[in-house]
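The file my_file16.pdb comes next; it holds PDB, N, CA and C atoms.
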```pdb
ATOM      1  N   MET A   1      84.594 100.900  82.014
ATOM      2  CA  MET A   1      85.423 100.576  83.156
ATOM      3  C   MET A   1      85.148  99.125  83.564
ATOM      4  N   ILE A   2      86.199  98.403  83.857
ATOM      5  CA  ILE A   2      86.085  97.008  84.275
ATOM      6  C   ILE A   2      86.135  96.955  85.796
ATOM      7  N   TRP A   3      85.146  96.284  86.391
ATOM      8  CA  TRP A   3      85.081  96.123  87.840
ATOM      9  C   TRP A   3      85.447  94.686  88.195
ATOM     10  N   MET A   4      86.333  94.543  89.177
ATOM     11  CA  MET A   4      86.780  93.210  89.589
ATOM     12  C   MET A   4      86.301  92.924  91.009
ATOM     13  N   THR A   5      86.013  91.648  91.276
ATOM     14  CA  THR A   5      85.667  91.239  92.636
ATOM     15  C   THR A   5      86.950  91.110  93.447
ATOM     16  N   THR A   6      86.806  90.922  94.743
ATOM     17  CA  THR A   6      87.994  90.740  95.581
ATOM     18  C   THR A   6      88.721  89.449  95.219
ATOM     19  N   GLU A   7      87.970  88.422  94.852
ATOM     20  CA  GLU A   7      88.598  87.164  94.455
ATOM     21  C   GLU A   7      89.390  87.336  93.158
ATOM     22  N   GLU A   8      88.812  88.042  92.196
ATOM     23  CA  GLU A   8      89.516  88.302  90.938
ATOM     24  C   GLU A   8      90.749  89.162  91.167
ATOM     25  N   THR A   9      90.632  90.134  92.064
ATOM     26  CA  THR A   9      91.755  91.005  92.382
ATOM     27  C   THR A   9      92.872  90.210  93.042
ATOM     28  N   ALA A  10      92.500  89.316  93.959
ATOM     29  CA  ALA A  10      93.501  88.475  94.629
ATOM     30  C   ALA A  10      94.241  87.609  93.617
ATOM     31  N   GLU A  11      93.515  87.052  92.683
ATOM     32  CA  GLU A  11      94.135  86.224  91.645
ATOM     33  C   GLU A  11      95.029  87.082  90.742
ATOM     34  N   TYR A  12      94.559  88.267  90.396
ATOM     35  CA  TYR A  12      95.299  89.182  89.530
ATOM     36  C   TYR A  12      96.612  89.624  90.191
ATOM     37  N   LEU A  13      96.557  89.892  91.506
ATOM     38  CA  LEU A  13      97.738  90.359  92.234
ATOM     39  C   LEU A  13      98.560  89.220  92.826
ATOM     40  N   ARG A  14      98.042  87.985  92.690
ATOM     41  CA  ARG A  14      98.681  86.803  93.260
ATOM     42  C   ARG A  14      98.828  86.941  94.765
ATOM     43  N   LEU A  15      97.722  87.346  95.401
ATOM     44  CA  LEU A  15      97.646  87.496  96.852
ATOM     45  C   LEU A  15      96.496  86.655  97.377
ATOM     46  N   HIS A  16      96.446  86.508  98.678
ATOM     47  CA  HIS A  16      95.303  85.850  99.299
ATOM     48  C   HIS A  16      94.155  86.847  99.383
ATOM     49  N   LYS A  17      92.944  86.351  99.357
ATOM     50  CA  LYS A  17      91.754  87.206  99.399
ATOM     51  C   LYS A  17      91.747  88.080 100.658
ATOM     52  N   HIS A  18      92.207  87.552 101.775
ATOM     53  CA  HIS A  18      92.216  88.322 103.026
ATOM     54  C   HIS A  18      93.211  89.481 102.959
ATOM     55  N   THR A  19      94.299  89.291 102.222
ATOM     56  CA  THR A  19      95.270  90.365 102.038
ATOM     57  C   THR A  19      94.658  91.497 101.224
ATOM     58  N   VAL A  20      93.853  91.158 100.230
ATOM     59  CA  VAL A  20      93.166  92.182  99.432
ATOM     60  C   VAL A  20      92.229  92.973 100.325
ATOM     61  N   TYR A  21      91.475  92.289 101.192
ATOM     62  CA  TYR A  21      90.590  92.990 102.132
ATOM     63  C   TYR A  21      91.385  93.903 103.056
ATOM     64  N   ASP A  22      92.547  93.439 103.507
ATOM     65  CA  ASP A  22      93.389  94.258 104.375
ATOM     66  C   ASP A  22      93.875  95.501 103.643
ATOM     67  N   TYR A  23      94.287  95.350 102.374
ATOM     68  CA  TYR A  23      94.724  96.497 101.582
ATOM     69  C   TYR A  23      93.572  97.477 101.334
ATOM     70  N   ILE A  24      92.375  96.958 101.149
ATOM     71  CA  ILE A  24      91.209  97.837 100.978
ATOM     72  C   ILE A  24      90.977  98.622 102.266
ATOM     73  N   LYS A  25      91.061  97.929 103.389
ATOM     74  CA  LYS A  25      90.854  98.575 104.691
ATOM     75  C   LYS A  25      91.892  99.663 104.936
ATOM     76  N   ARG A  26      93.141  99.407 104.520
ATOM     77  CA  ARG A  26      94.226 100.384 104.709
ATOM     78  C   ARG A  26      94.259 101.433 103.597
ATOM     79  N   LYS A  27      93.299 101.335 102.670
ATOM     80  CA  LYS A  27      93.177 102.255 101.539
ATOM     81  C   LYS A  27      94.392 102.212 100.616
ATOM     82  N   LYS A  28      95.007 101.036 100.512
ATOM     83  CA  LYS A  28      96.097 100.830  99.562
ATOM     84  C   LYS A  28      95.548 100.440  98.196
ATOM     85  N   ILE A  29      94.345  99.859  98.195
ATOM     86  CA  ILE A  29      93.673  99.469  96.963
ATOM     87  C   ILE A  29      92.360 100.236  96.895
ATOM     88  N   PRO A  30      92.086 100.940  95.790
ATOM     89  CA  PRO A  30      90.803 101.640  95.665
ATOM     90  C   PRO A  30      89.666 100.650  95.480
ATOM     91  N   ALA A  31      88.591 100.844  96.233
ATOM     92  CA  ALA A  31      87.455  99.932  96.140
ATOM     93  C   ALA A  31      86.166 100.677  96.456
ATOM     94  N   VAL A  32      85.079 100.154  95.912
ATOM     95  CA  VAL A  32      83.739 100.692  96.159
ATOM     96  C   VAL A  32      82.905  99.546  96.697
ATOM     97  N   LYS A  33      82.116  99.843  97.719
ATOM     98  CA  LYS A  33      81.285  98.803  98.312
ATOM     99  C   LYS A  33      79.889  98.854  97.696
ATOM    100  N   PHE A  34      79.468  97.729  97.122
ATOM    101  CA  PHE A  34      78.128  97.572  96.569
ATOM    102  C   PHE A  34      77.401  96.579  97.464
ATOM    103  N   GLY A  35      76.525  97.069  98.324
ATOM    104  CA  GLY A  35      75.860  96.182  99.266
ATOM    105  C   GLY A  35      76.874  95.637 100.251
ATOM    106  N   ARG A  36      77.037  94.310 100.265
ATOM    107  CA  ARG A  36      78.007  93.684 101.161
ATOM    108  C   ARG A  36      79.318  93.351 100.470
ATOM    109  N   HIS A  37      79.446  93.650  99.201
ATOM    110  CA  HIS A  37      80.609  93.238  98.423
ATOM    111  C   HIS A  37      81.392  94.446  97.916
ATOM    112  N   TYR A  38      82.704  94.257  97.819
ATOM    113  CA  TYR A  38      83.572  95.281  97.262
ATOM    114  C   TYR A  38      83.802  95.008  95.785
ATOM    115  N   ARG A  39      83.946  96.091  95.032
ATOM    116  CA  ARG A  39      84.345  96.009  93.634
ATOM    117  C   ARG A  39      85.530  96.952  93.446
ATOM    118  N   ILE A  40      86.502  96.466  92.709
ATOM    119  CA  ILE A  40      87.728  97.221  92.498
ATOM    120  C   ILE A  40      87.808  97.595  91.027
ATOM    121  N   PRO A  41      87.922  98.900  90.713
ATOM    122  CA  PRO A  41      88.073  99.300  89.305
ATOM    123  C   PRO A  41      89.483  98.950  88.819
ATOM    124  N   LYS A  42      89.563  98.149  87.764
ATOM    125  CA  LYS A  42      90.849  97.646  87.270
ATOM    126  C   LYS A  42      91.787  98.768  86.841
ATOM    127  N   GLU A  43      91.256  99.784  86.199
ATOM    128  CA  GLU A  43      92.102 100.891  85.739
ATOM    129  C   GLU A  43      92.760 101.605  86.919
ATOM    130  N   LYS A  44      91.980 101.876  87.959
ATOM    131  CA  LYS A  44      92.534 102.563  89.132
ATOM    132  C   LYS A  44      93.502 101.666  89.890
ATOM    133  N   LEU A  45      93.225 100.371  89.892
ATOM    134  CA  LEU A  45      94.134  99.423  90.543
ATOM    135  C   LEU A  45      95.487  99.432  89.833
ATOM    136  N   ASP A  46      95.463  99.414  88.509
ATOM    137  CA  ASP A  46      96.715  99.448  87.745
ATOM    138  C   ASP A  46      97.481 100.745  88.005
ATOM    139  N   GLU A  47      96.766 101.858  88.110
ATOM    140  CA  GLU A  47      97.419 103.135  88.427
ATOM    141  C   GLU A  47      98.058 103.075  89.807
ATOM    142  N   THR A  48      97.363 102.475  90.758
ATOM    143  CA  THR A  48      97.864 102.364  92.123
ATOM    144  C   THR A  48      99.108 101.488  92.177
ATOM    145  N   LEU A  49      99.122 100.432  91.386
ATOM    146  CA  LEU A  49     100.272  99.532  91.383
ATOM    147  C   LEU A  49     101.527 100.208  90.845
ATOM    148  N   LEU A  50     101.356 101.181  89.978
ATOM    149  CA  LEU A  50     102.503 101.886  89.412
ATOM    150  C   LEU A  50     103.111 102.894  90.382
ATOM    151  N   LYS A  51     102.346 103.258  91.413
ATOM    152  CA  LYS A  51     102.865 104.215  92.396
ATOM    153  C   LYS A  51     103.958 103.565  93.223
ATOM    154  N   GLU A  52     104.930 104.363  93.584
ATOM    155  CA  GLU A  52     106.070 103.860  94.330
ATOM    156  C   GLU A  52     105.688 103.427  95.737
ATOM    157  N   GLU A  53     104.725 104.101  96.361
ATOM    158  CA  GLU A  53     104.372 103.808  97.754
ATOM    159  C   GLU A  53     103.735 102.429  97.920
ATOM    160  N   PHE A  54     103.157 101.867  96.879
ATOM    161  CA  PHE A  54     102.533 100.554  96.974
ATOM    162  C   PHE A  54     103.561  99.436  96.851
ATOM    163  N   SER A  55     104.730  99.749  96.341
ATOM    164  CA  SER A  55     105.705  98.703  96.052
ATOM    165  C   SER A  55     106.323  98.088  97.303
ATOM    166  N   GLU A  56     106.233  98.761  98.464
ATOM    167  CA  GLU A  56     106.783  98.199  99.690
ATOM    168  C   GLU A  56     105.819  97.177 100.270
ATOM    169  N   PRO A  57     106.295  95.981 100.578
ATOM    170  CA  PRO A  57     105.401  94.990 101.176
ATOM    171  C   PRO A  57     105.005  95.378 102.589
ATOM    172  N   ILE A  58     103.782  95.072 102.968
ATOM    173  CA  ILE A  58     103.289  95.380 104.300
ATOM    174  C   ILE A  58     102.929  94.079 104.994
ATOM    175  N   ILE A  59     103.533  93.856 106.129
ATOM    176  CA  ILE A  59     103.203  92.679 106.920
ATOM    177  C   ILE A  59     102.840  93.164 108.310
ATOM    178  N   LYS A  60     101.566  93.235 108.599
ATOM    179  CA  LYS A  60     101.073  93.667 109.900
ATOM    180  C   LYS A  60     101.755  94.947 110.360
ATOM    181  N   GLY A  61     101.937  95.895 109.444
ATOM    182  CA  GLY A  61     102.513  97.180 109.794
ATOM    183  C   GLY A  61     104.027  97.183 109.910
ATOM    184  N   ARG A  62     104.692  96.059 109.606
ATOM    185  CA  ARG A  62     106.144  95.988 109.710
ATOM    186  C   ARG A  62     106.752  95.736 108.342
ATOM    187  N   ARG A  63     108.002  96.067 108.232
ATOM    188  CA  ARG A  63     108.746  95.700 107.034
ATOM    189  C   ARG A  63     109.307  94.302 107.264
ATOM    190  N   PRO A  64     109.424  93.495 106.228
ATOM    191  CA  PRO A  64     109.981  92.156 106.414
ATOM    192  C   PRO A  64     111.445  92.225 106.837
ATOM    193  N   SER A  65     111.858  91.300 107.664
ATOM    194  CA  SER A  65     113.241  91.296 108.118
ATOM    195  C   SER A  65     114.149  90.769 107.012
ATOM    196  N   LEU A  66     115.403  91.113 107.091
ATOM    197  CA  LEU A  66     116.352  90.634 106.098
ATOM    198  C   LEU A  66     116.673  89.159 106.328
ATOM    199  N   LYS A  67     116.477  88.696 107.566
ATOM    200  CA  LYS A  67     116.770  87.312 107.893
ATOM    201  C   LYS A  67     115.786  86.370 107.190
ATOM    202  N   TYR A  68     114.528  86.789 107.105
ATOM    203  CA  TYR A  68     113.489  85.976 106.468
ATOM    204  C   TYR A  68     112.785  86.783 105.390
ATOM    205  N   PRO A  69     113.428  86.987 104.239
ATOM    206  CA  PRO A  69     112.781  87.777 103.176
ATOM    207  C   PRO A  69     111.590  87.045 102.580
ATOM    208  N   LEU A  70     110.717  87.824 101.978
ATOM    209  CA  LEU A  70     109.525  87.241 101.357
ATOM    210  C   LEU A  70     109.845  86.531 100.075
TER     211      LEU A  70
END
```
File written out as structure tokens:
Amino acid sequence: MIWMTTEETAEYLRLHKHTVYDYIKRKKIPAVKFGRHYRIPKEKLDETLLKEEFSEPIIKGRRPSLKYPL
């Protein structure tokens, strides 16, 4: 099993590191805490990305408006 850091995960998902932490907190991304650091199993992350529920963007609990799409 390949374990990724939050920085590697952010780069892999093309997100900011803080967004990865937010997804971990909301349990959208599977992660295990080793001491003070999180590690994300790549296989489980890929499985999570294939799920339909992850495909909706989350912005502070809101859906993006149509006026200003992402």
* Mind giving me the straight-line distance from atom C of Ile24 (chain A) to atom N of Met1 (chain A) in Å, one decimal? =>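 Computing it gives 21.4 Å between the two atoms.
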* To do: Carefully work through the PyMOL selection byres ((chain A and resi 27-39) around 8) for this structure and note down the residues it includes, as a ChimeraX atom specification.
  => /A:2-7,20-26,40-42,44-45,48-49,53-54
* Mind pulling up the distance from atom N of Thr9 (chain A) to CA of Leu50 (chain A)? ->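 Separation of CA of Leu50 (chain A) and atom N of Thr9 (chain A): 16.9 Å.
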